[in-house]
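Asks: Got coords-v7.cif for you, mmCIF, C-alpha atoms:
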```cif
data_protein
#
loop_
_atom_site.label_atom_id
_atom_site.label_comp_id
_atom_site.auth_asym_id
_atom_site.auth_seq_id
_atom_site.Cartn_x
_atom_site.Cartn_y
_atom_site.Cartn_z
CA LEU U 1 7.30 -7.80 7.73
CA LEU U 2 5.85 -8.84 4.36
CA ARG U 3 5.27 -12.43 5.42
CA ILE U 4 3.68 -11.32 8.69
CA MET U 5 1.31 -9.05 6.77
CA MET U 6 0.40 -12.02 4.56
CA ALA U 7 -0.22 -14.23 7.57
CA SER U 8 -2.47 -11.61 9.16
CA VAL U 9 -4.51 -11.36 5.95
CA ARG U 10 -4.93 -15.13 5.73
CA LYS U 11 -5.92 -15.38 9.39
CA THR U 12 -8.69 -12.76 9.16
CA THR U 13 -9.97 -13.14 5.58
CA LYS U 14 -12.33 -16.07 5.12
CA CYS U 15 -12.42 -16.20 1.31
CA PRO U 16 -9.68 -17.36 -1.13
CA VAL U 17 -6.72 -14.95 -1.17
CA ARG U 18 -4.35 -14.22 -4.05
CA PHE U 19 -1.29 -12.02 -3.60
CA TRP U 20 0.25 -10.03 -6.44
CA PHE U 21 3.89 -8.92 -6.23
CA PHE U 22 5.98 -6.60 -8.40
CA ASP U 23 8.55 -9.05 -9.74
CA GLN U 24 11.47 -6.63 -10.05
CA PHE U 25 11.30 -5.57 -6.39
CA MET U 26 11.28 -9.07 -4.87
CA SER U 27 14.51 -10.81 -3.86
CA PRO U 28 15.50 -14.13 -5.49
CA ASP U 29 15.22 -15.86 -2.10
CA PHE U 30 11.69 -14.55 -1.56
CA LYS U 31 10.58 -15.63 -5.03
CA ALA U 32 12.11 -19.08 -4.59
CA SER U 33 10.37 -19.56 -1.24
CA MET U 34 6.92 -18.45 -2.34
CA PRO U 35 5.55 -21.72 -3.83
CA LEU U 36 5.96 -23.62 -0.56
CA PHE U 37 5.17 -20.64 1.67
CA ALA U 38 1.94 -19.95 -0.24
CA GLU U 39 0.98 -23.62 -0.02
CA LYS U 40 1.50 -23.65 3.76
CA LEU U 41 -0.40 -20.37 4.14
CA ASP U 42 -3.21 -21.58 1.84
CA VAL U 43 -2.99 -18.67 -0.58
CA THR U 44 -2.13 -18.27 -4.25
CA PHE U 45 0.23 -15.69 -5.76
CA GLU U 46 1.57 -14.18 -8.95
CA PHE U 47 4.49 -11.96 -9.88
CA VAL U 48 3.74 -9.14 -12.32
CA ALA U 49 6.14 -6.91 -14.22
CA PHE U 50 5.90 -3.78 -16.33
CA LYS U 51 8.37 -2.00 -18.59
CA TRP U 52 8.69 1.69 -17.75
CA PRO U 53 7.44 3.71 -20.78
CA SER U 54 10.02 5.50 -22.91
CA TRP U 55 8.13 8.80 -22.78
CA LEU U 56 8.55 8.87 -18.99
CA ARG U 57 12.35 8.88 -19.16
CA ASP U 58 14.54 11.97 -18.90
CA ASP U 59 17.29 13.08 -21.27
CA THR U 60 19.75 10.65 -19.70
CA GLY U 61 17.37 7.70 -20.10
CA ALA U 62 16.64 7.51 -16.36
CA HIS U 63 13.12 7.11 -14.95
CA PHE U 64 11.59 10.59 -14.99
CA GLY U 65 10.90 11.99 -11.53
CA ILE U 66 12.34 9.00 -9.67
CA ARG U 67 15.65 10.71 -8.74
CA GLY U 68 17.51 7.41 -8.47
CA ASP U 69 15.40 6.42 -5.46
CA LYS U 70 14.24 2.78 -5.41
CA GLN U 71 11.41 3.60 -2.97
CA ARG U 72 10.05 6.22 -5.37
CA LEU U 73 10.22 3.68 -8.20
CA ILE U 74 8.13 1.27 -6.12
CA TRP U 75 5.67 4.06 -5.32
CA ALA U 76 5.40 4.90 -9.02
CA HIS U 77 4.50 1.34 -9.93
CA LYS U 78 2.00 1.31 -7.08
CA ILE U 79 -0.08 4.20 -8.44
CA LEU U 80 0.88 5.15 -12.02
CA PHE U 81 0.35 1.93 -13.97
CA LEU U 82 -2.59 0.15 -12.39
CA ASP U 83 -4.40 -0.01 -15.72
CA VAL U 84 -1.60 -1.86 -17.51
CA ILE U 85 0.16 -3.98 -14.88
CA PHE U 86 -2.69 -6.33 -14.00
CA PRO U 87 -4.68 -8.76 -16.19
CA LEU U 88 -7.73 -7.31 -17.90
CA ASP U 89 -10.06 -9.84 -16.30
CA LEU U 90 -9.04 -8.78 -12.78
CA GLN U 91 -11.81 -6.54 -11.45
CA ARG U 92 -10.42 -5.30 -8.14
CA ILE U 93 -7.22 -5.26 -6.13
CA ILE U 94 -6.39 -4.19 -2.59
CA PHE U 95 -2.96 -2.68 -2.04
CA ILE U 96 -1.49 -3.46 1.39
CA ASP U 97 1.91 -2.16 2.48
CA ALA U 98 4.28 -4.76 3.88
CA ASP U 99 4.29 -3.12 7.34
CA LEU U 100 0.56 -3.53 7.94
CA VAL U 101 -1.19 -6.01 10.20
CA VAL U 102 -4.73 -6.72 9.04
CA ARG U 103 -7.41 -7.37 11.64
CA ALA U 104 -10.58 -7.56 9.55
CA ASP U 105 -11.95 -9.66 6.71
CA LEU U 106 -10.75 -8.02 3.49
CA LEU U 107 -13.79 -9.35 1.64
CA GLU U 108 -15.71 -6.47 3.25
CA LEU U 109 -13.33 -4.02 1.61
CA TYR U 110 -13.19 -5.90 -1.69
CA THR U 111 -16.98 -5.86 -2.10
CA MET U 112 -17.56 -2.34 -0.78
CA ASP U 113 -19.60 0.07 -2.90
CA LEU U 114 -17.14 2.76 -4.02
CA ASP U 115 -19.92 5.10 -5.19
CA GLY U 116 -18.51 5.34 -8.71
CA ALA U 117 -14.96 6.19 -7.59
CA PRO U 118 -12.08 4.27 -9.19
CA TYR U 119 -10.37 3.76 -5.84
CA ALA U 120 -10.84 4.20 -2.10
CA PHE U 121 -8.33 5.31 0.54
CA THR U 122 -8.55 5.97 4.28
CA PRO U 123 -8.24 9.60 5.43
CA PHE U 124 -5.71 10.33 8.15
CA CYS U 125 -7.33 10.21 11.59
CA SER U 126 -9.07 13.48 12.40
CA GLY U 127 -11.01 15.18 15.17
CA ASP U 128 -11.06 13.24 18.44
CA ARG U 129 -9.50 10.25 16.63
CA ALA U 130 -6.28 12.20 15.93
CA ASN U 131 -3.14 11.86 18.04
CA PRO U 132 -2.68 15.26 19.76
CA GLU U 133 1.06 14.62 20.22
CA THR U 134 1.75 14.88 16.47
CA THR U 135 -0.58 17.77 15.64
CA GLY U 136 2.34 19.96 14.55
CA PHE U 137 3.44 17.39 11.97
CA ARG U 138 0.11 17.21 10.15
CA PHE U 139 1.30 19.06 7.05
CA TRP U 140 -1.99 18.53 5.21
CA ASP U 141 -3.84 20.68 7.76
CA GLY U 142 -2.12 23.88 6.62
CA GLY U 143 -0.21 25.61 3.84
CA PHE U 144 -0.39 24.30 0.28
CA TRP U 145 -2.39 21.17 1.05
CA LYS U 146 -5.11 22.94 3.01
CA SER U 147 -5.48 25.50 0.23
CA HIS U 148 -5.46 22.89 -2.54
CA LEU U 149 -7.75 20.32 -0.94
CA ARG U 150 -10.24 22.86 0.41
CA HIS U 151 -13.02 20.66 1.84
CA LEU U 152 -11.46 17.33 0.82
CA PRO U 153 -9.50 15.10 3.23
CA TYR U 154 -5.89 13.98 2.77
CA HIS U 155 -5.67 10.18 2.55
CA ILE U 156 -2.98 7.66 3.47
CA SER U 157 -1.79 5.18 0.82
CA ALA U 158 -0.73 2.23 3.01
CA LEU U 159 -3.96 0.39 2.18
CA PHE U 160 -6.38 1.12 -0.64
CA VAL U 161 -8.82 -0.69 -2.90
CA VAL U 162 -8.94 -0.16 -6.66
CA ASP U 163 -11.89 -0.86 -8.96
CA LEU U 164 -9.85 -1.70 -12.06
CA VAL U 165 -12.90 -1.75 -14.31
CA GLU U 166 -13.83 1.80 -13.36
CA PHE U 167 -10.18 2.86 -13.28
CA ARG U 168 -9.77 1.83 -16.93
CA ARG U 169 -13.19 3.09 -18.04
CA LEU U 170 -12.42 6.58 -16.72
CA SER U 171 -8.85 6.53 -18.11
CA VAL U 172 -7.57 7.32 -14.62
CA GLY U 173 -4.13 5.95 -15.46
CA ASP U 174 -3.74 8.46 -18.29
CA GLN U 175 -4.86 11.31 -16.02
CA LEU U 176 -2.47 10.38 -13.23
CA ARG U 177 0.47 9.94 -15.61
CA GLN U 178 -0.20 13.35 -17.18
CA ILE U 179 -0.32 15.03 -13.77
CA TYR U 180 2.84 13.18 -12.74
CA HIS U 181 4.66 14.22 -15.92
CA GLY U 182 3.78 17.84 -15.23
CA MET U 183 4.89 17.80 -11.58
CA ALA U 184 7.62 15.21 -11.07
CA GLY U 185 10.35 17.34 -12.62
CA ASP U 186 10.14 19.64 -9.59
CA PRO U 187 12.14 18.10 -6.71
CA ASN U 188 9.83 19.83 -4.24
CA SER U 189 6.71 18.11 -5.62
CA LEU U 190 5.26 14.69 -4.85
CA SER U 191 7.57 13.94 -1.94
CA ASN U 192 5.37 10.97 -1.00
CA LEU U 193 4.61 9.99 -4.58
CA ASP U 194 2.06 7.21 -4.10
CA GLN U 195 0.17 9.31 -1.56
CA ASP U 196 0.57 12.87 -2.80
CA LEU U 197 -0.42 12.13 -6.41
CA PRO U 198 -3.94 10.70 -5.85
CA ASN U 199 -4.60 13.28 -3.13
CA TYR U 200 -3.51 16.13 -5.41
CA ALA U 201 -5.67 14.75 -8.25
CA GLN U 202 -8.85 14.52 -6.17
CA HIS U 203 -10.54 17.42 -7.95
CA GLU U 204 -10.27 15.46 -11.22
CA VAL U 205 -10.21 11.85 -9.98
CA LYS U 206 -12.60 11.09 -7.12
CA ILE U 207 -11.39 9.23 -4.04
CA LYS U 208 -13.91 7.26 -2.02
CA SER U 209 -13.02 7.90 1.63
CA LEU U 210 -13.01 4.69 3.65
CA PRO U 211 -14.12 4.70 7.30
CA GLU U 212 -11.13 5.76 9.41
CA GLU U 213 -11.05 2.44 11.27
CA TRP U 214 -9.72 0.79 8.11
CA LEU U 215 -6.27 2.20 8.87
CA TRP U 216 -4.98 2.96 12.35
CA CYS U 217 -1.48 4.30 12.91
CA GLU U 218 -0.20 5.23 16.36
CA SER U 219 1.71 8.19 14.92
CA TRP U 220 -1.45 9.93 13.72
CA CYS U 221 -4.35 8.29 15.56
CA SER U 222 -5.49 8.50 19.16
CA ALA U 223 -4.93 5.57 21.51
CA GLY U 224 -8.65 5.41 22.19
CA SER U 225 -9.50 4.70 18.55
CA LYS U 226 -7.20 1.67 18.29
CA SER U 227 -9.78 -0.83 19.54
CA HIS U 228 -11.83 -0.25 16.37
CA ALA U 229 -8.88 -0.66 13.99
CA LYS U 230 -9.34 -3.04 11.05
CA ALA U 231 -5.70 -2.65 10.01
CA ILE U 232 -2.68 -1.32 11.89
CA ASP U 233 -0.01 0.56 9.96
CA LEU U 234 3.50 0.75 11.42
CA CYS U 235 4.11 4.20 9.95
CA GLN U 236 7.06 6.03 11.42
CA ASN U 237 6.45 8.46 14.24
CA PRO U 238 7.96 11.83 13.19
CA LYS U 239 8.86 12.58 16.81
CA THR U 240 10.40 9.32 18.03
CA LYS U 241 11.68 7.69 14.79
CA GLU U 242 11.05 4.32 16.47
CA SER U 243 11.87 1.26 14.34
CA LYS U 244 8.97 -0.70 12.84
CA ILE U 245 9.85 -3.95 14.62
CA SER U 246 10.08 -2.21 17.99
CA MET U 247 6.76 -0.48 17.35
CA ALA U 248 5.12 -3.73 16.23
CA ARG U 249 6.13 -5.52 19.42
CA ARG U 250 4.79 -2.67 21.53
CA VAL U 251 1.61 -1.77 19.63
CA VAL U 252 0.30 -4.92 17.91
CA GLU U 253 -0.93 -7.40 20.49
CA GLU U 254 -1.08 -10.30 18.03
CA TRP U 255 2.46 -9.66 16.75
CA PRO U 256 4.23 -12.34 18.87
CA ALA U 257 1.84 -15.06 17.67
CA LEU U 258 2.11 -13.97 14.03
CA ASP U 259 5.89 -13.69 14.28
CA LEU U 260 6.13 -17.19 15.77
CA GLU U 261 3.84 -18.63 13.09
CA VAL U 262 5.86 -17.12 10.24
CA GLU U 263 9.18 -18.06 11.82
CA SER U 264 7.98 -21.67 12.10
CA LEU U 265 6.83 -21.70 8.47
CA VAL U 266 10.14 -20.29 7.26
CA GLU U 267 12.12 -22.84 9.30
CA ASN U 268 10.03 -25.66 7.81
CA LEU U 269 10.63 -24.30 4.32
CA SER U 270 14.36 -24.14 4.98
CA SER U 271 14.40 -27.74 6.23
CA ALA U 272 12.40 -28.89 3.19
CA ALA U 273 14.79 -27.10 0.83
CA THR U 274 17.83 -28.67 2.54
CA ALA U 275 16.28 -32.14 2.31
CA ALA U 276 15.52 -31.63 -1.38
CA ARG U 277 19.12 -30.63 -2.12
CA GLU U 278 20.43 -33.67 -0.23
CA GLU U 279 18.22 -35.96 -2.33
CA LEU U 280 19.74 -34.50 -5.47
#
```
Take the structure in the file and give it back as C-alpha cells.
Replies:
Amino acid sequence: LLRIMMASVRKTTKCPVRFWFFDQFMSPDFKASMPLFAEKLDVTFEFVAFKWPSWLRDDTGAHFGIRGDKQRLIWAHKILFLDVIFPLDLQRIIFIDADLVVRADLLELYTMDLDGAPYAFTPFCSGDRANPETTGFRFWDGGFWKSHLRHLPYHISALFVVDLVEFRRLSVGDQLRQIYHGMAGDPNSLSNLDQDLPNYAQHEVKIKSLPEEWLWCESWCSAGSKSHAKAIDLCQNPKTKESKISMARRVVEEWPALDLEVESLVENLSSAATAAREEL
C-alpha cells in the first residue's frame, strides 16, 4: 500500500517530491530497498526519528496514553511532535496515509493559503456529498462531538498539510502536548488520537478546512462525489469491514496499473539485489 501511494503521488505531482518516513516504524527490508526504489520512482527520501520525552511517560516508564498500542504510537508521532521531528529549514509537509491514492498535483496543496492556520485538514463529507448508508455511524454529528465542536466541522486525518513555520511560531506543539497530557490518561478519550486531538483543540488551534474533494472515502462520501476526488482514502467501512486491498481493486480505477508498476519495480529491485550479492 505504501509504495502504491508513493507511485500515485509521483505520477500526479509535477514538481520534485521528497518523502519523509518515521525510522522506527519502517521495516529493515523497506529501508534497505528505498535507495533503489526512490531512484526508479524519481523521488528523494529521508528517515527521521525522535526520542519520546521523559515527561510523557507513566509511572512504569511506558509511553503515556499509548496503552501498548503500536498504531497509537504512530498516531502520536504524526501529530504531537511536528515541531521537533523535522528540520528547522523545512517550511511545509503534507502527511499522507499509506492507504491513500493521490489523483491531483500536491503542489496545489503545498502552496495553498492556509489563512494563518498552522495546518489544514479535510472535513468528512457532508450534505449531499455524504454517504447515506453510513449516516448512523457518523459519531461527530451527535453527542459529545456535536456539543463540543458547535459550528466547527470534524476533520479526517488521512491527509493534511502543515505550515511548520506557523506551527512553531504559535507553539502549537506545546498546546497539543498539554491537551494530550490532560486527556490521554482516560481510556475513553482520544480513541482516534491523530484525528481526535486536532479536532478537539480547534477552539484553541485553528484548522483550515480543505475543500472536501481533497479526500474522498467510499465509507463516508456519496458515489456521485467521487469523480471530483483529488485523493481516495481506503478507510474501513463500519458496516462491511471490507479489506483495503479488496476495496482498492473495486473502487480505485487506476489501482491495477499502479499495482503492476510497483510490482515491476520491486521485482527489478530484487533482481538487482540478487545480482549484487552474486558479484560479492
Asks: For the file shown, report as a list in words the outcome of the PyMOL selection byres ((chain U and resi 154-156) around 8) at residue level.
Replies: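 Checked against the file, the PyMOL selection byres ((chain U and resi 154-156) around 8) matches Phe121, Thr122, Pro123, Phe124, Trp140, Leu149, Leu152, Pro153, Ser157, Ala158, Leu159, Gln195, Asn199 and Ser209 of chain U.
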Asks: Out of U:Arg168, U:Gln236, U:Phe64, U:Arg249, which residue has the shortest atom-to-atom distance to Phe137 in chain U when counting all atoms listed in the file?
Replies: U:Gln236
Asks: I'd like the neighbourhood of Asp259 in chain U as a list in words, where a residue qualifies if any of its atoms comes within 10 Å (using all atoms listed in the file), though same-chain residues fewer than 3 positions away should be ignored.
Replies: Leu1, Arg3, Ile4, Met5, Ala7, Arg249, Glu254, Trp255, Pro256, Val262, Glu263, Ser264 and Leu265 of chain U
Asks: Do you know which residues are at most 10 Å from Arg67 in chain U counting all atoms listed in the file, after dropping those on the same chain fewer than 4 positions away, and could you put them as a list in words?
Replies: Ala62, His63, Arg72, Leu73, Ala184, Gly185 and Pro187 of chain U
Asks: Applied to this file, what does the PyMOL selection byres ((chain U and resi 133) around 10) return in terms of residues, put as JSON, numbers by chain?
Replies: {"U": [130, 131, 132, 134, 135, 136, 137, 219, 220, 221, 222, 239]}
Asks: For the file shown, report as a list in words the outcome of the PyMOL selection byres ((chain U and resi 23) around 12) at residue level.
Replies: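 Applying the expression gives Phe19, Trp20, Phe21, Phe22, Gln24, Phe25, Met26, Ser27, Pro28, Phe30, Lys31, Ala32, Phe45, Glu46, Phe47, Val48, Ala49, Phe50, Lys51, Ile74, His77 and Ile85 of chain U.
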Asks: As an exercise, work out the distance from CA of Pro211 in chain U to CA of Gly116 in chain U in Å and give it to one decimal place.
Replies: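 We find that CA of Pro211 in chain U and CA of Gly116 in chain U lie 16.6 Å from each other.
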Asks: At what distance in Å, to one decimal, does CA of Ala76 in chain U lie from CA of Asp194 in chain U?
Replies: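 We find that CA of Asp194 in chain U and CA of Ala76 in chain U lie 6.4 Å from each other.
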Asks: So how many Å separate CA of Lys78 in chain U and CA of Lys241 in chain U, to one decimal?
Replies: 24.8 Å
Asks: Find the residues with any atom within 10 Å of (-8.8, -12.8, 1.3); use only C-alpha atoms and the coordinates as given in the file, and write the answer as JSON, numbers by chain.
Replies: {"U": [6, 9, 10, 11, 12, 13, 14, 15, 16, 17, 18, 19, 43, 94, 104, 105, 106, 107, 108, 109, 110]}
Asks: Hey, which of U:Leu190, U:Arg103, U:Trp145, U:Arg169 ends up closest to Glu253 in chain U? Count only C-alpha atoms.
Replies: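 Of the candidates, the smallest distance to Glu253 in chain U is held by U:Arg103.
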Asks: Rebuild all heavy atoms on range 121-132 of chain U, as a tab-separated table (two decimals), in the frame of the given file?
Replies:
```tsv
chain	number	residue	atom	x	y	z
U	121	PHE	N	-9.41	5.21	-0.44
U	121	PHE	CA	-8.33	5.31	0.54
U	121	PHE	C	-8.91	5.73	1.89
U	121	PHE	O	-10.01	6.27	1.95
U	121	PHE	CB	-7.30	6.38	0.13
U	121	PHE	CG	-6.54	6.11	-1.14
U	121	PHE	CD1	-7.15	6.19	-2.39
U	121	PHE	CD2	-5.18	5.82	-1.10
U	121	PHE	CE1	-6.43	5.98	-3.56
U	121	PHE	CE2	-4.45	5.62	-2.25
U	121	PHE	CZ	-5.07	5.69	-3.48
U	122	THR	N	-8.13	5.53	2.94
U	122	THR	CA	-8.55	5.97	4.28
U	122	THR	C	-7.97	7.34	4.58
U	122	THR	O	-6.76	7.54	4.44
U	122	THR	CB	-8.07	4.98	5.35
U	122	THR	OG1	-8.49	3.67	5.00
U	122	THR	CG2	-8.64	5.35	6.71
U	123	PRO	N	-8.78	8.30	5.00
U	123	PRO	CA	-8.24	9.60	5.43
U	123	PRO	C	-7.41	9.44	6.71
U	123	PRO	O	-7.66	8.54	7.51
U	123	PRO	CB	-9.48	10.45	5.70
U	123	PRO	CG	-10.62	9.71	5.07
U	123	PRO	CD	-10.25	8.26	5.09
U	124	PHE	N	-6.44	10.31	6.89
U	124	PHE	CA	-5.71	10.33	8.15
U	124	PHE	C	-6.70	10.62	9.29
U	124	PHE	O	-7.66	11.37	9.11
U	124	PHE	CB	-4.62	11.40	8.13
U	124	PHE	CG	-3.34	10.96	7.50
U	124	PHE	CD1	-3.17	10.99	6.13
U	124	PHE	CD2	-2.29	10.50	8.29
U	124	PHE	CE1	-1.98	10.58	5.54
U	124	PHE	CE2	-1.09	10.09	7.72
U	124	PHE	CZ	-0.93	10.13	6.35
U	125	CYS	N	-6.45	10.01	10.44
U	125	CYS	CA	-7.33	10.21	11.59
U	125	CYS	C	-7.54	11.70	11.86
U	125	CYS	O	-6.59	12.49	11.78
U	125	CYS	CB	-6.74	9.54	12.83
U	125	CYS	SG	-6.76	7.73	12.76
U	126	SER	N	-8.75	12.07	12.18
U	126	SER	CA	-9.07	13.48	12.40
U	126	SER	C	-9.95	13.64	13.63
U	126	SER	O	-10.45	12.66	14.19
U	126	SER	CB	-9.78	14.05	11.16
U	126	SER	OG	-10.98	13.33	10.89
U	127	GLY	N	-10.14	14.89	14.04
U	127	GLY	CA	-11.01	15.18	15.17
U	127	GLY	C	-10.52	14.50	16.44
U	127	GLY	O	-9.32	14.47	16.73
U	128	ASP	N	-11.46	13.88	17.18
U	128	ASP	CA	-11.06	13.24	18.44
U	128	ASP	C	-10.35	11.91	18.22
U	128	ASP	O	-9.90	11.27	19.16
U	128	ASP	CB	-12.27	13.05	19.35
U	128	ASP	CG	-13.36	12.19	18.73
U	128	ASP	OD1	-13.17	11.69	17.60
U	128	ASP	OD2	-14.42	12.01	19.37
U	129	ARG	N	-10.24	11.48	16.96
U	129	ARG	CA	-9.50	10.25	16.63
U	129	ARG	C	-8.03	10.56	16.32
U	129	ARG	O	-7.23	9.63	16.13
U	129	ARG	CB	-10.13	9.55	15.43
U	129	ARG	CG	-11.50	8.92	15.70
U	129	ARG	CD	-12.09	8.34	14.41
U	129	ARG	NE	-11.19	7.36	13.81
U	129	ARG	CZ	-11.18	6.06	14.11
U	129	ARG	NH1	-12.02	5.59	15.03
U	129	ARG	NH2	-10.35	5.24	13.51
U	130	ALA	N	-7.66	11.82	16.25
U	130	ALA	CA	-6.28	12.20	15.93
U	130	ALA	C	-5.40	12.15	17.17
U	130	ALA	O	-5.86	12.37	18.29
U	130	ALA	CB	-6.25	13.60	15.33
U	131	ASN	N	-4.12	11.88	16.97
U	131	ASN	CA	-3.14	11.86	18.04
U	131	ASN	C	-2.69	13.30	18.32
U	131	ASN	O	-2.03	13.92	17.49
U	131	ASN	CB	-1.94	11.00	17.65
U	131	ASN	CG	-0.88	10.91	18.73
U	131	ASN	OD1	-0.98	11.55	19.77
U	131	ASN	ND2	0.15	10.11	18.48
U	132	PRO	N	-3.02	13.85	19.48
U	132	PRO	CA	-2.68	15.26	19.76
U	132	PRO	C	-1.17	15.50	19.84
U	132	PRO	O	-0.72	16.63	19.66
U	132	PRO	CB	-3.36	15.53	21.11
U	132	PRO	CG	-3.52	14.18	21.75
U	132	PRO	CD	-3.75	13.23	20.61
```
